[in-house]
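Asks: Data file query.pdb (PDB, C-alpha atoms) is appended below.
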```pdb
ATOM      1  CA  MET A   1      57.913  16.606  40.704
ATOM      2  CA  GLU A   2      57.861  18.774  43.820
ATOM      3  CA  LEU A   3      54.455  20.047  44.989
ATOM      4  CA  GLU A   4      55.047  23.582  43.701
ATOM      5  CA  GLU A   5      56.025  22.211  40.304
ATOM      6  CA  LEU A   6      52.853  20.110  40.208
ATOM      7  CA  LYS A   7      50.750  23.158  41.062
ATOM      8  CA  GLU A   8      52.373  25.144  38.268
ATOM      9  CA  LYS A   9      51.875  22.269  35.818
ATOM     10  CA  SER A  10      48.185  22.107  36.783
ATOM     11  CA  ARG A  11      47.836  25.813  36.062
ATOM     12  CA  LYS A  12      49.516  25.391  32.669
ATOM     13  CA  ILE A  13      47.278  22.451  31.793
ATOM     14  CA  ARG A  14      44.147  24.410  32.740
ATOM     15  CA  PHE A  15      45.381  27.306  30.587
ATOM     16  CA  ASP A  16      45.882  24.892  27.674
ATOM     17  CA  VAL A  17      42.388  23.460  28.149
ATOM     18  CA  ILE A  18      40.654  26.838  28.022
ATOM     19  CA  LYS A  19      42.759  28.085  25.125
ATOM     20  CA  MET A  20      42.025  24.922  23.111
ATOM     21  CA  ILE A  21      38.298  25.033  23.743
ATOM     22  CA  CYS A  22      38.106  28.752  22.954
ATOM     23  CA  GLU A  23      40.071  28.252  19.730
ATOM     24  CA  ALA A  24      37.756  25.417  18.682
ATOM     25  CA  GLY A  25      34.600  27.208  19.819
ATOM     26  CA  SER A  26      33.369  24.005  21.432
ATOM     27  CA  GLY A  27      34.314  21.493  24.086
ATOM     28  CA  HIS A  28      33.750  20.541  27.715
ATOM     29  CA  PRO A  29      35.624  22.819  30.109
ATOM     30  CA  GLY A  30      33.838  22.096  33.417
ATOM     31  CA  GLY A  31      34.870  18.494  33.934
ATOM     32  CA  ALA A  32      38.288  19.015  32.369
ATOM     33  CA  LEU A  33      39.101  21.734  34.896
ATOM     34  CA  SER A  34      37.792  19.711  37.841
ATOM     35  CA  SER A  35      40.024  16.737  36.928
ATOM     36  CA  ALA A  36      43.136  18.739  36.047
ATOM     37  CA  ASP A  37      44.943  18.364  39.378
ATOM     38  CA  LEU A  38      44.241  14.630  39.471
ATOM     39  CA  MET A  39      45.622  14.042  35.980
ATOM     40  CA  THR A  40      48.588  16.326  36.585
ATOM     41  CA  VAL A  41      49.700  14.289  39.588
ATOM     42  CA  LEU A  42      49.113  11.045  37.702
ATOM     43  CA  TYR A  43      51.050  11.961  34.548
ATOM     44  CA  PHE A  44      53.846  13.994  36.111
ATOM     45  CA  ASP A  45      54.431  12.262  39.432
ATOM     46  CA  GLN A  46      52.973   8.754  39.570
ATOM     47  CA  LEU A  47      52.608   7.160  36.131
ATOM     48  CA  LYS A  48      55.153   4.712  34.746
ATOM     49  CA  HIS A  49      55.302   5.723  31.081
ATOM     50  CA  ASN A  50      57.683   6.794  28.320
ATOM     51  CA  PRO A  51      56.540   9.461  25.818
ATOM     52  CA  GLU A  52      59.440   8.461  23.535
ATOM     53  CA  ASP A  53      58.097   4.902  23.439
ATOM     54  CA  PRO A  54      54.307   5.249  23.882
ATOM     55  CA  TRP A  55      53.637   1.517  23.524
ATOM     56  CA  TRP A  56      56.371   0.371  25.893
ATOM     57  CA  GLU A  57      55.156  -3.012  27.149
ATOM     58  CA  ASP A  58      55.836  -2.316  30.819
ATOM     59  CA  ARG A  59      54.003   1.024  30.948
ATOM     60  CA  ASP A  60      51.067   1.770  33.212
ATOM     61  CA  ARG A  61      47.770   2.210  31.349
ATOM     62  CA  VAL A  62      45.381   5.177  31.560
ATOM     63  CA  VAL A  63      41.761   4.799  30.483
ATOM     64  CA  PHE A  64      40.201   8.244  30.129
ATOM     65  CA  SER A  65      36.624   7.051  30.519
ATOM     66  CA  LYS A  66      35.043  10.530  30.696
ATOM     67  CA  GLY A  67      36.135  11.090  27.126
ATOM     68  CA  HIS A  68      34.171  14.311  26.593
ATOM     69  CA  ALA A  69      36.837  16.044  28.742
ATOM     70  CA  SER A  70      39.380  15.178  26.054
ATOM     71  CA  ALA A  71      41.029  18.618  26.102
ATOM     72  CA  LEU A  72      42.497  17.667  29.490
ATOM     73  CA  LEU A  73      43.926  14.391  28.210
ATOM     74  CA  TYR A  74      45.474  16.091  25.181
ATOM     75  CA  SER A  75      47.050  18.798  27.300
ATOM     76  CA  CYS A  76      48.578  16.216  29.663
ATOM     77  CA  LEU A  77      49.959  14.211  26.752
ATOM     78  CA  ALA A  78      51.398  17.258  24.993
ATOM     79  CA  GLU A  79      52.935  18.683  28.170
ATOM     80  CA  ALA A  80      54.443  15.246  28.874
ATOM     81  CA  GLY A  81      56.057  15.156  25.432
ATOM     82  CA  TYR A  82      53.910  12.753  23.433
ATOM     83  CA  PHE A  83      53.400  15.341  20.694
ATOM     84  CA  PRO A  84      54.136  19.076  20.219
ATOM     85  CA  VAL A  85      52.216  21.464  22.476
ATOM     86  CA  GLU A  86      51.530  23.595  19.385
ATOM     87  CA  ASP A  87      49.300  20.804  18.036
ATOM     88  CA  LEU A  88      46.796  21.495  20.826
ATOM     89  CA  MET A  89      45.433  24.398  18.801
ATOM     90  CA  THR A  90      44.138  21.919  16.186
ATOM     91  CA  PHE A  91      41.625  20.603  18.744
ATOM     92  CA  ARG A  92      38.374  19.526  17.054
ATOM     93  CA  GLU A  93      39.526  20.637  13.594
ATOM     94  CA  VAL A  94      38.571  18.442  10.639
ATOM     95  CA  GLY A  95      41.450  16.047  10.036
ATOM     96  CA  SER A  96      43.094  16.655  13.398
ATOM     97  CA  LEU A  97      44.089  13.717  15.590
ATOM     98  CA  LEU A  98      42.747  15.714  18.543
ATOM     99  CA  GLN A  99      39.113  14.799  18.101
ATOM    100  CA  GLY A 100      36.272  15.837  20.374
ATOM    101  CA  HIS A 101      36.472  12.403  21.966
ATOM    102  CA  PRO A 102      39.814  10.585  22.184
ATOM    103  CA  SER A 103      40.618   8.083  19.466
ATOM    104  CA  ARG A 104      43.360   5.486  19.783
ATOM    105  CA  ASN A 105      43.921   5.580  16.024
ATOM    106  CA  GLY A 106      47.070   7.566  15.349
ATOM    107  CA  LEU A 107      47.479   9.606  18.543
ATOM    108  CA  PRO A 108      50.321   8.397  20.801
ATOM    109  CA  GLY A 109      49.427   8.011  24.452
ATOM    110  CA  VAL A 110      45.716   7.324  23.954
ATOM    111  CA  GLU A 111      45.152   3.769  25.156
ATOM    112  CA  VAL A 112      41.428   3.520  24.432
ATOM    113  CA  SER A 113      38.889   5.335  22.257
ATOM    114  CA  THR A 114      36.398   6.733  24.764
ATOM    115  CA  GLY A 115      33.351   8.961  24.934
ATOM    116  CA  SER A 116      30.476   6.521  25.342
ATOM    117  CA  LEU A 117      30.116   6.958  29.080
ATOM    118  CA  GLY A 118      30.163   3.955  31.374
ATOM    119  CA  GLN A 119      32.435   1.763  29.282
ATOM    120  CA  GLY A 120      35.919   2.722  30.462
ATOM    121  CA  LEU A 121      35.971   0.767  33.693
ATOM    122  CA  SER A 122      35.102  -2.441  31.838
ATOM    123  CA  VAL A 123      38.058  -1.848  29.521
ATOM    124  CA  GLY A 124      40.247  -1.204  32.554
ATOM    125  CA  VAL A 125      39.156  -4.503  34.099
ATOM    126  CA  GLY A 126      40.142  -6.330  30.910
ATOM    127  CA  MET A 127      43.508  -4.580  30.806
ATOM    128  CA  ALA A 128      44.209  -5.362  34.451
ATOM    129  CA  LEU A 129      43.348  -9.024  33.937
ATOM    130  CA  GLY A 130      45.560  -9.169  30.851
ATOM    131  CA  LEU A 131      48.517  -7.571  32.611
ATOM    132  CA  ARG A 132      48.197  -9.986  35.510
ATOM    133  CA  GLN A 133      48.016 -12.919  33.123
ATOM    134  CA  ALA A 134      51.161 -11.653  31.402
ATOM    135  CA  LYS A 135      52.840 -11.256  34.809
ATOM    136  CA  LYS A 136      53.444  -7.545  34.199
ATOM    137  CA  ASP A 137      54.107  -5.251  37.146
ATOM    138  CA  SER A 138      51.992  -2.450  35.668
ATOM    139  CA  SER A 139      48.931  -0.615  36.915
ATOM    140  CA  VAL A 140      45.735   0.481  35.179
ATOM    141  CA  TYR A 141      44.181   3.847  36.041
ATOM    142  CA  VAL A 142      40.613   4.704  35.003
ATOM    143  CA  LEU A 143      39.317   8.284  35.227
ATOM    144  CA  MET A 144      35.533   8.434  35.643
ATOM    145  CA  GLY A 145      32.995  11.158  36.253
ATOM    146  CA  ASP A 146      30.425  10.926  39.025
ATOM    147  CA  GLY A 147      27.538  11.464  36.591
ATOM    148  CA  GLU A 148      28.979   8.623  34.539
ATOM    149  CA  CYS A 149      28.249   6.337  37.465
ATOM    150  CA  ASP A 150      24.551   6.546  36.537
ATOM    151  CA  CYS A 151      25.499   3.907  33.955
ATOM    152  CA  GLY A 152      24.878   0.345  35.083
ATOM    153  CA  GLN A 153      27.926  -0.968  33.242
ATOM    154  CA  ILE A 154      30.137   0.856  35.749
ATOM    155  CA  TRP A 155      28.745  -1.289  38.546
ATOM    156  CA  GLU A 156      29.028  -4.523  36.563
ATOM    157  CA  ALA A 157      32.691  -3.706  35.996
ATOM    158  CA  ALA A 158      33.133  -2.745  39.660
ATOM    159  CA  MET A 159      31.732  -6.111  40.708
ATOM    160  CA  ALA A 160      34.003  -7.979  38.278
ATOM    161  CA  ALA A 161      37.094  -6.068  39.443
ATOM    162  CA  SER A 162      36.404  -7.038  43.030
ATOM    163  CA  HIS A 163      35.613 -10.652  42.123
ATOM    164  CA  TYR A 164      38.955 -11.034  40.357
ATOM    165  CA  LYS A 165      40.840  -9.176  43.136
ATOM    166  CA  LEU A 166      42.384  -6.717  40.690
ATOM    167  CA  ASP A 167      44.780  -4.845  42.942
ATOM    168  CA  ASN A 168      46.563  -3.517  39.828
ATOM    169  CA  LEU A 169      43.448  -1.464  38.997
ATOM    170  CA  CYS A 170      42.859   2.036  40.387
ATOM    171  CA  GLY A 171      39.732   4.042  39.669
ATOM    172  CA  ILE A 172      39.905   7.844  39.880
ATOM    173  CA  LEU A 173      36.533   9.443  40.445
ATOM    174  CA  ASP A 174      35.997  13.126  39.655
ATOM    175  CA  TYR A 175      33.403  13.779  42.361
ATOM    176  CA  ASN A 176      32.254  17.309  41.454
ATOM    177  CA  LYS A 177      28.550  16.500  42.053
ATOM    178  CA  LEU A 178      27.415  18.138  38.785
ATOM    179  CA  GLN A 179      26.502  16.718  35.391
ATOM    180  CA  ILE A 180      25.028  18.134  32.218
ATOM    181  CA  ASP A 181      21.434  18.242  33.541
ATOM    182  CA  GLY A 182      22.167  19.509  37.053
ATOM    183  CA  THR A 183      23.342  18.117  40.362
ATOM    184  CA  THR A 184      23.989  14.404  40.678
ATOM    185  CA  ASP A 185      21.597  14.067  43.606
ATOM    186  CA  GLU A 186      18.773  15.552  41.485
ATOM    187  CA  VAL A 187      19.496  13.541  38.330
ATOM    188  CA  MET A 188      20.285  10.197  39.981
ATOM    189  CA  ASN A 189      21.253  10.212  43.629
ATOM    190  CA  LEU A 190      24.534   8.356  44.178
ATOM    191  CA  GLU A 191      24.738   8.593  47.945
ATOM    192  CA  PRO A 192      26.163   7.052  50.024
ATOM    193  CA  PHE A 193      28.734   7.061  47.226
ATOM    194  CA  ASP A 194      31.858   5.920  49.057
ATOM    195  CA  GLN A 195      29.951   3.159  50.830
ATOM    196  CA  LYS A 196      28.568   1.864  47.528
ATOM    197  CA  TRP A 197      32.104   1.285  46.257
ATOM    198  CA  ARG A 198      33.087  -0.381  49.518
ATOM    199  CA  ASP A 199      30.046  -2.632  49.271
ATOM    200  CA  PHE A 200      31.242  -3.659  45.799
ATOM    201  CA  GLY A 201      34.544  -4.723  47.354
ATOM    202  CA  TRP A 202      36.786  -1.749  46.586
ATOM    203  CA  GLN A 203      39.280   0.021  48.813
ATOM    204  CA  VAL A 204      38.055   3.631  48.882
ATOM    205  CA  ILE A 205      40.575   6.426  49.388
ATOM    206  CA  ASN A 206      39.041   9.853  49.974
ATOM    207  CA  ALA A 207      40.946  12.949  48.888
ATOM    208  CA  ASP A 208      40.553  16.631  48.132
ATOM    209  CA  GLY A 209      40.945  16.597  44.355
ATOM    210  CA  HIS A 210      42.591  20.027  44.326
ATOM    211  CA  LYS A 211      45.183  19.535  47.065
ATOM    212  CA  HIS A 212      48.220  18.065  45.367
ATOM    213  CA  GLU A 213      49.687  16.646  48.566
ATOM    214  CA  GLU A 214      46.466  14.691  49.232
ATOM    215  CA  ILE A 215      46.337  13.434  45.651
ATOM    216  CA  VAL A 216      49.950  12.250  45.793
ATOM    217  CA  ALA A 217      49.261  10.470  49.088
ATOM    218  CA  ALA A 218      46.123   8.845  47.648
ATOM    219  CA  PHE A 219      47.994   7.410  44.650
ATOM    220  CA  LYS A 220      50.757   6.123  46.910
ATOM    221  CA  GLU A 221      48.205   4.462  49.180
ATOM    222  CA  ALA A 222      46.470   2.862  46.199
ATOM    223  CA  LYS A 223      49.750   1.181  45.236
ATOM    224  CA  THR A 224      49.890  -0.536  48.639
ATOM    225  CA  VAL A 225      46.407  -2.086  48.412
ATOM    226  CA  LYS A 226      46.460  -5.860  47.968
ATOM    227  CA  GLY A 227      43.704  -8.292  47.025
ATOM    228  CA  LYS A 228      41.170  -5.720  45.849
ATOM    229  CA  PRO A 229      40.865  -2.767  43.432
ATOM    230  CA  SER A 230      41.218   0.754  44.773
ATOM    231  CA  LEU A 231      39.217   3.896  44.123
ATOM    232  CA  ILE A 232      40.392   7.460  44.701
ATOM    233  CA  LEU A 233      37.180   9.339  45.471
ATOM    234  CA  ALA A 234      38.309  12.892  44.781
ATOM    235  CA  ARG A 235      36.108  15.762  45.906
ATOM    236  CA  THR A 236      36.385  18.403  43.213
ATOM    237  CA  VAL A 237      34.822  21.622  41.936
ATOM    238  CA  LYS A 238      33.433  21.695  38.432
ATOM    239  CA  GLY A 239      35.127  24.474  36.458
ATOM    240  CA  LYS A 240      37.911  24.818  39.048
ATOM    241  CA  GLY A 241      40.218  27.753  38.360
ATOM    242  CA  VAL A 242      37.789  29.980  36.459
ATOM    243  CA  CYS A 243      35.648  31.971  38.888
ATOM    244  CA  TYR A 244      32.440  32.158  36.871
ATOM    245  CA  MET A 245      32.577  28.470  35.907
ATOM    246  CA  GLU A 246      33.013  27.032  39.384
ATOM    247  CA  ASN A 247      30.077  24.888  40.557
ATOM    248  CA  VAL A 248      27.962  25.877  37.529
ATOM    249  CA  ALA A 249      26.481  22.930  35.604
ATOM    250  CA  GLY A 250      25.998  25.105  32.514
ATOM    251  CA  TRP A 251      29.749  25.020  31.870
ATOM    252  CA  HIS A 252      29.681  21.278  31.346
ATOM    253  CA  GLY A 253      29.867  21.670  27.566
ATOM    254  CA  ASN A 254      30.135  25.335  26.541
ATOM    255  CA  ALA A 255      33.063  27.334  25.194
ATOM    256  CA  PRO A 256      33.800  30.780  26.662
ATOM    257  CA  LYS A 257      33.566  33.638  24.197
ATOM    258  CA  GLY A 258      34.488  37.318  24.174
ATOM    259  CA  GLU A 259      34.952  38.777  27.638
ATOM    260  CA  GLN A 260      34.420  35.366  29.243
ATOM    261  CA  LYS A 261      37.350  33.999  27.242
ATOM    262  CA  GLU A 262      39.618  36.878  28.254
ATOM    263  CA  THR A 263      38.640  36.556  31.919
ATOM    264  CA  ALA A 264      39.318  32.832  31.967
ATOM    265  CA  LEU A 265      42.713  33.115  30.267
ATOM    266  CA  LYS A 266      43.707  35.984  32.543
ATOM    267  CA  GLU A 267      42.782  34.023  35.681
ATOM    268  CA  LEU A 268      44.850  31.056  34.495
ATOM    269  CA  SER A 269      47.766  33.130  33.242
ATOM    270  CA  LYS A 270      51.139  32.696  34.927
ATOM    271  CA  ASP A 271      51.328  36.441  35.452
ATOM    272  CA  GLU A 272      47.966  36.701  37.248
TER
END
```
Would you put the structure from the file into structure tokens?

Replies:
Amino acid sequence: MELEELKEKSRKIRFDVIKMICEAGSGHPGGALSSADLMTVLYFDQLKHNPEDPWWEDRDRVVFSKGHASALLYSCLAEAGYFPVEDLMTFREVGSLLQGHPSRNGLPGVEVSTGSLGQGLSVGVGMALGLRQAKKDSSVYVLMGDGECDCGQIWEAAMAASHYKLDNLCGILDYNKLQIDGTTDEVMNLEPFDQKWRDFGWQVINADGHKHEEIVAAFKEAKTVKGKPSLILARTVKGKGVCYMENVAGWHGNAPKGEQKETALKELSKDE
């Protein structure tokens, strides 16, 4: 896609996310909105996949480790053609395949059931090792939140990925510096964050997580890295695209209602 098309797709995906969460009356808008540009570029510009054949053996794999932001994953999959966009409005309904946290059972395009934070990178390491063993020219992408990196399992997986020189593994870090209880430096200080990943043997690629041209360049650079895993450390804004949500930790897991709903949908509308 051209840059302008990617920007428009990001807007549409954000609109989907808010509409889904408002319809359900629950969900996690903040981190879904902050990651929207990253996932848009991945699914619509970089990823090797086939919505008509979701389990195509030569596909790239996406592990959506921050599973609570599932509305974003579902919107990307629907907009890419894995299932009808109309199904998004069943989000979190009893019996719907679009559960609050993604489940691999029955929903095409979901590689891994996620939601227990800290586990996704370990799964990605296993996938990357398996693909290399099978001599597949496919990549594994793992979306993580910065608050998720409080979990020790992330760093065990990071160490393993470096040890096994998994250059077919790319981490994508939504670095919005907020989590459910406040700022990341107050809850569990991560700094110096980029240096930590380098010390664990990763190639760190810094990017503005809302500038599509930087995101595209970061993914392209990651594909050139040899002998080590790569990490796109994307600086983002929690709640990006909805004025009253931006940089507010309280919108980690709340659904807009009433006037807030109308304001959010208006801001993300194509006609705005």

Asks: Taking all atoms listed in the file into account, which of A:His252, A:Lys177, A:Lys196, A:His212 comes nearest Thr236 of chain A?

Replies: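 Of A:His252, A:Lys177, A:Lys196, A:His212, the one nearest Thr236 of chain A, counting all atoms listed in the file, is A:Lys177.
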
Asks: Can you pull out every residue within 8 Å of segment 142-153 of chain A, counting only C-alpha atoms, but drop anything in the same chain fewer than 6 positions away, and send it as a ChimeraX atom specification?

Replies: /A:31,62-66,117-122,124,169-179,184,188,190

Asks: Looking at all atoms listed in the file, which of A:Leu88, A:Ala69, A:Leu42, A:Cys76 is the one that sits closest to Thr114 of chain A?

Replies: A:Ala69

Asks: Taking all listed atoms of segment 31-35 of chain A, build the axis-aligned box, pad each of the six sides by 8 Å, then write its centre and edge lengths in Å to one decimal as lines of an AutoDock Vina configuration file.

Replies:
```
center_x = 37.4
center_y = 19.2
center_z = 35.1
size_x = 21.2
size_y = 21.0
size_z = 21.5
```

Asks: Skip Leu131 of chain A itself and residues of its chain fewer than 3 positions away, then list as a VMD selection string all residues within 12 Å of it, counting only C-alpha atoms.

Replies: chain A and resid 57 to 61 124 to 128 134 to 140 166 to 169

Asks: When you draw a straight line from atom CA of Tyr82 of chain A to atom CA of Val110 of chain A, how long is it in Å?

Replies: 9.8 Å

Asks: Between A:Gly27, A:Phe91, A:Lys48, A:Gly182, which is the closest to His68 of chain A once you count all atoms listed in the file?

Replies: A:Gly27

Asks: Restore N, CA and C atoms in segment 243-266 of chain A and list the result as an mmCIF file, in the coordinates of the input.

Replies:
```cif
data_model
loop_
_atom_site.group_PDB
_atom_site.id
_atom_site.type_symbol
_atom_site.label_atom_id
_atom_site.label_comp_id
_atom_site.auth_asym_id
_atom_site.auth_seq_id
_atom_site.Cartn_x
_atom_site.Cartn_y
_atom_site.Cartn_z
ATOM 1 N N CYS A 243 36.613 31.583 37.851
ATOM 2 C CA CYS A 243 35.648 31.971 38.888
ATOM 3 C C CYS A 243 34.205 31.783 38.469
ATOM 4 N N TYR A 244 33.851 32.204 37.260
ATOM 5 C CA TYR A 244 32.440 32.158 36.871
ATOM 6 C C TYR A 244 31.988 30.762 36.434
ATOM 7 N N MET A 245 32.936 29.836 36.275
ATOM 8 C CA MET A 245 32.577 28.470 35.907
ATOM 9 C C MET A 245 32.390 27.571 37.116
ATOM 10 N N GLU A 246 32.981 27.935 38.247
ATOM 11 C CA GLU A 246 33.013 27.032 39.384
ATOM 12 C C GLU A 246 31.616 26.716 39.917
ATOM 13 N N ASN A 247 31.347 25.407 40.025
ATOM 14 C CA ASN A 247 30.077 24.888 40.557
ATOM 15 C C ASN A 247 28.870 25.313 39.725
ATOM 16 N N VAL A 248 29.062 25.511 38.429
ATOM 17 C CA VAL A 248 27.962 25.877 37.529
ATOM 18 C C VAL A 248 27.813 24.778 36.478
ATOM 19 N N ALA A 249 26.692 24.055 36.517
ATOM 20 C CA ALA A 249 26.481 22.930 35.604
ATOM 21 C C ALA A 249 26.473 23.366 34.142
ATOM 22 N N GLY A 250 26.079 24.606 33.884
ATOM 23 C CA GLY A 250 25.998 25.105 32.514
ATOM 24 C C GLY A 250 27.319 25.132 31.779
ATOM 25 N N TRP A 251 28.437 25.052 32.517
ATOM 26 C CA TRP A 251 29.749 25.020 31.870
ATOM 27 C C TRP A 251 30.241 23.599 31.634
ATOM 28 N N HIS A 252 29.325 22.660 31.669
ATOM 29 C CA HIS A 252 29.681 21.278 31.346
ATOM 30 C C HIS A 252 30.204 21.194 29.914
ATOM 31 N N GLY A 253 29.508 21.832 28.984
ATOM 32 C CA GLY A 253 29.867 21.670 27.566
ATOM 33 C C GLY A 253 29.741 22.931 26.752
ATOM 34 N N ASN A 254 30.182 24.066 27.279
ATOM 35 C CA ASN A 254 30.135 25.335 26.541
ATOM 36 C C ASN A 254 31.517 25.951 26.453
ATOM 37 N N ALA A 255 31.778 26.653 25.372
ATOM 38 C CA ALA A 255 33.063 27.334 25.194
ATOM 39 C C ALA A 255 32.926 28.811 25.542
ATOM 40 N N PRO A 256 33.841 29.345 26.359
ATOM 41 C CA PRO A 256 33.800 30.780 26.662
ATOM 42 C C PRO A 256 34.048 31.606 25.402
ATOM 43 N N LYS A 257 33.403 32.748 25.350
ATOM 44 C CA LYS A 257 33.566 33.638 24.197
ATOM 45 C C LYS A 257 33.739 35.066 24.701
ATOM 46 N N GLY A 258 34.372 35.900 23.873
ATOM 47 C CA GLY A 258 34.488 37.318 24.174
ATOM 48 C C GLY A 258 35.119 37.598 25.517
ATOM 49 N N GLU A 259 34.422 38.382 26.331
ATOM 50 C CA GLU A 259 34.952 38.777 27.638
ATOM 51 C C GLU A 259 35.142 37.575 28.552
ATOM 52 N N GLN A 260 34.270 36.574 28.429
ATOM 53 C CA GLN A 260 34.420 35.366 29.243
ATOM 54 C C GLN A 260 35.743 34.676 28.931
ATOM 55 N N LYS A 261 36.084 34.602 27.656
ATOM 56 C CA LYS A 261 37.350 33.999 27.242
ATOM 57 C C LYS A 261 38.528 34.749 27.857
ATOM 58 N N GLU A 262 38.509 36.073 27.739
ATOM 59 C CA GLU A 262 39.618 36.878 28.254
ATOM 60 C C GLU A 262 39.745 36.744 29.769
ATOM 61 N N THR A 263 38.619 36.711 30.459
ATOM 62 C CA THR A 263 38.640 36.556 31.919
ATOM 63 C C THR A 263 39.247 35.219 32.320
ATOM 64 N N ALA A 264 38.820 34.165 31.638
ATOM 65 C CA ALA A 264 39.318 32.832 31.967
ATOM 66 C C ALA A 264 40.821 32.730 31.727
ATOM 67 N N LEU A 265 41.286 33.200 30.579
ATOM 68 C CA LEU A 265 42.713 33.115 30.267
ATOM 69 C C LEU A 265 43.539 33.978 31.212
ATOM 70 N N LYS A 266 42.988 35.120 31.604
ATOM 71 C CA LYS A 266 43.707 35.984 32.543
ATOM 72 C C LYS A 266 43.830 35.307 33.903
#
```
